[in-house]
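S.K.: Submitted below is the structure of interest, expressed as structure tokens.
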Protein chains: 2
Amino acid sequence: MDEMIVSLRNRRVLECRKLRQKKYRARSGKYLAEGLRLTEEAVRSGSAEALFFRESFGLISSAGADSGADSGGDAAAGSGAGRERRLLERAEAAGCQLWRIDDRVFASLAQTQSPQGVVALTRRRWTRLEDPDPAAGDAVWLVLDGIRDPGNLGTMIRTAWAAGAAGVLCLPDTADPYEGKCVRASMGGIFHIPVITDVTWEALRAYCVAGGLTLAMADAAAGALYYDVGWPARTALCIGGEAGGFAGIPREETAIQVRIPLERGAESLNAAVACGILLYEIRRGRGGVQAP
Amino acid sequence: MDEMIVSLRNRRVLECRKLRQKKYRARSGKYLAEGLRLTEEAVRSGSAEALFFRESFGLISSAGADSGADSGGDAAAGSGAGRERRLLERAEAAGCQLWRIDDRVFASLAQTQSPQGVVALTRRRWTRLEDPDPAAGDAVWLVLDGIRDPGNLGTMIRTAWAAGAAGVLCLPDTADPYEGKCVRASMGGIFHIPVITDVTWEALRAYCVAGGLTLAMADAAAGALYYDVGWPARTALCIGGEAGGFAGIPREETAIQVRIPLERGAESLNAAVACGILLYEIRRGRGGVQAP
């Protein structure tokens, strides 16, 4: 069922290791997803091209296979060799290449502190802004401008997925969503909804015009409270950076600005928390948002 | 204005360094807060007893004083020696002890990768469950049961502060909110609202009875959606662990269970994001929640 790789200089392993660098991810349209839960999602979504896994994977129960502070309910999915074998079977049925690799070679690929023994080589399904149609469906888009923390960024992609947003557009000053920590924090969301990078302000504006999307901005200085606004059926919600705010989107070009009220001297909310409050507020007005 | 400490074995420095351990924090009721923004909040809240700062602090402009992925708008507060001097002046006026220390000794205290040159020795203002009156005001309490990730925990305290919650009660299976990473993620919230640790289920139940608080639980398996519930004026909102769920609170003993809808196969939200959505939903029904 699977071939074994034993060399650190194996061509496929070298190719994977390069994907730790942003330029290779951008050039190839590929990225890595690590861990049992994430690779399961990658296979389920049809994004995984190949799985690399360590010598004992699927053969003997490995302790701690389900650890992780925010593993999203892995306990229910079972663990150990049985779960690992099911993953390999599903991956093979989906046409993924399977590569069993020497433990030392695997260690050269893994980026987490307690690797779970499996890494997926994953292909971006949407790479250009034109890929997802802005005009399809009753849609909310999340626009991120200047988000620097990969954990926050991944959490926002996870939230956008769960709230039914059509996709996520990242301006150039935003961290790379296809970097390992962000992919993990997205809990698989990045496989399921379009996440487009390096979207310039000009391209964003044209996209919103083409799709009839109203630009809305979360802004601590806004006069309107987020729950007093009539949210348009088609909205592009813009969230700015944790410290520096908006890097690319001019405030005066947005039709709606809203703030979340803060009590007793609090200066701000975590950007991912603010994003969640707003996405769910917009969603709520329409009983669920449709996928594009 | 300040004395200089040059010995790694100085009694005060040794005492501070011990506070990295949970048992010393619990025993003393003290903890450390690191960085410019946090020590400013600690002084402003009246929680800081002493500041320890490195040789050049307040004397020459230090580069990167305002760095940090989620520093909450520090850019607006200015930086460099002027801001540092203002902090020392306010701290002195508030009766804090000021200790300028040798850079090598400071490095032994700092826990962040890019220390900003100042650490506050901070006293818990509320240490026992009886300290904050459960019956005062029109209140929402946040109850955390099994939250393991210190970043998530701190973000929830920050959110509770901003949403106007009366305080945060942590069951024993929850991470220590007075640990450094959590204190930083709280962005100062931990100085401003009561955060009580090691609250047993029995003590929580008695506290809710005494204060007329209705127990509500966020539960992915609940039938009711969070926005279809009539939230009582006095609610104790319970959030369970990222992966393991509730460790101490029996579901059948809560009067309300709600879920946040998830679309297209998403399994869960980040716990801090879910917490924010729910706290702001409860707050919204009453045009702001009063402090106790």
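In the structure tokens, chains take letters A, B, ... by order of appearance, with residues numbered from 1 within each chain and ligands from 1 in the order shown.
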May I have the residues within 6 Å of range 35-37 of chain B as a count of residues only, using only C-alpha atoms and disregarding those fewer than 2 positions away in the same chain?

M.R.: 4

S.K.: Could you pull the residues within 12 Å of Glu15 in chain A, counting only C-alpha atoms, minus those fewer than 3 positions along the same chain, as a PyMOL selection string?

M.R.: chain A and resi 8-12+18-21+24-25+28+30-32+109+121

S.K.: For the residues in the current selection, export C-alpha atoms as a CSV table (one decimal), in the first residue's frame.

M.R.:
chain,number,residue,atom,x,y,z
A,8,LEU,CA,16.8,12.9,4.1
A,9,ARG,CA,17.7,14.0,0.5
A,10,ASN,CA,14.7,12.3,-1.1
A,11,ARG,CA,13.3,14.6,-3.8
A,12,ARG,CA,9.7,14.6,-2.4
A,18,LYS,CA,10.8,23.9,1.0
A,19,LEU,CA,7.1,24.6,1.7
A,20,ARG,CA,8.1,26.0,5.1
A,21,GLN,CA,9.1,29.1,3.1
A,24,TYR,CA,7.7,28.2,-2.4
A,25,ARG,CA,4.2,28.0,-1.1
A,28,SER,CA,3.7,26.1,-6.1
A,30,LYS,CA,1.0,23.9,-2.2
A,31,TYR,CA,1.3,23.9,1.6
A,32,LEU,CA,1.7,21.5,4.5
A,109,LEU,CA,9.4,17.6,8.1
A,121,LEU,CA,1.0,17.8,1.2

S.K.: My list of candidates is A:Arg205, A:Arg125, A:Arg44, A:Arg83. Which is closest to chain B when distances are computed with only C-alpha atoms?

M.R.: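 Smallest distance to chain B is found for A:Arg44.
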
S.K.: Per DSSP on the backbone, what are the helix (DSSP H, G or I) residues of range 171-214 of chain B, as a list of chain:residue names?

M.R.: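 After running DSSP on the backbone, range 171-214 of chain B has helix (DSSP H, G or I) at B:Gly180, B:Lys181, B:Cys182, B:Val183, B:Arg184, B:Ala185, B:Gly189, B:Ile190, B:Phe191, B:His192, B:Trp201, B:Glu202, B:Ala203, B:Leu204, B:Arg205, B:Ala206, B:Tyr207, B:Cys208, B:Val209, B:Ala210, B:Gly211.
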
S.K.: With distances taken over only C-alpha atoms, which of B:Met187, B:Ala203, B:Leu215, B:Leu237 is nearest to chain A?

M.R.: B:Met187
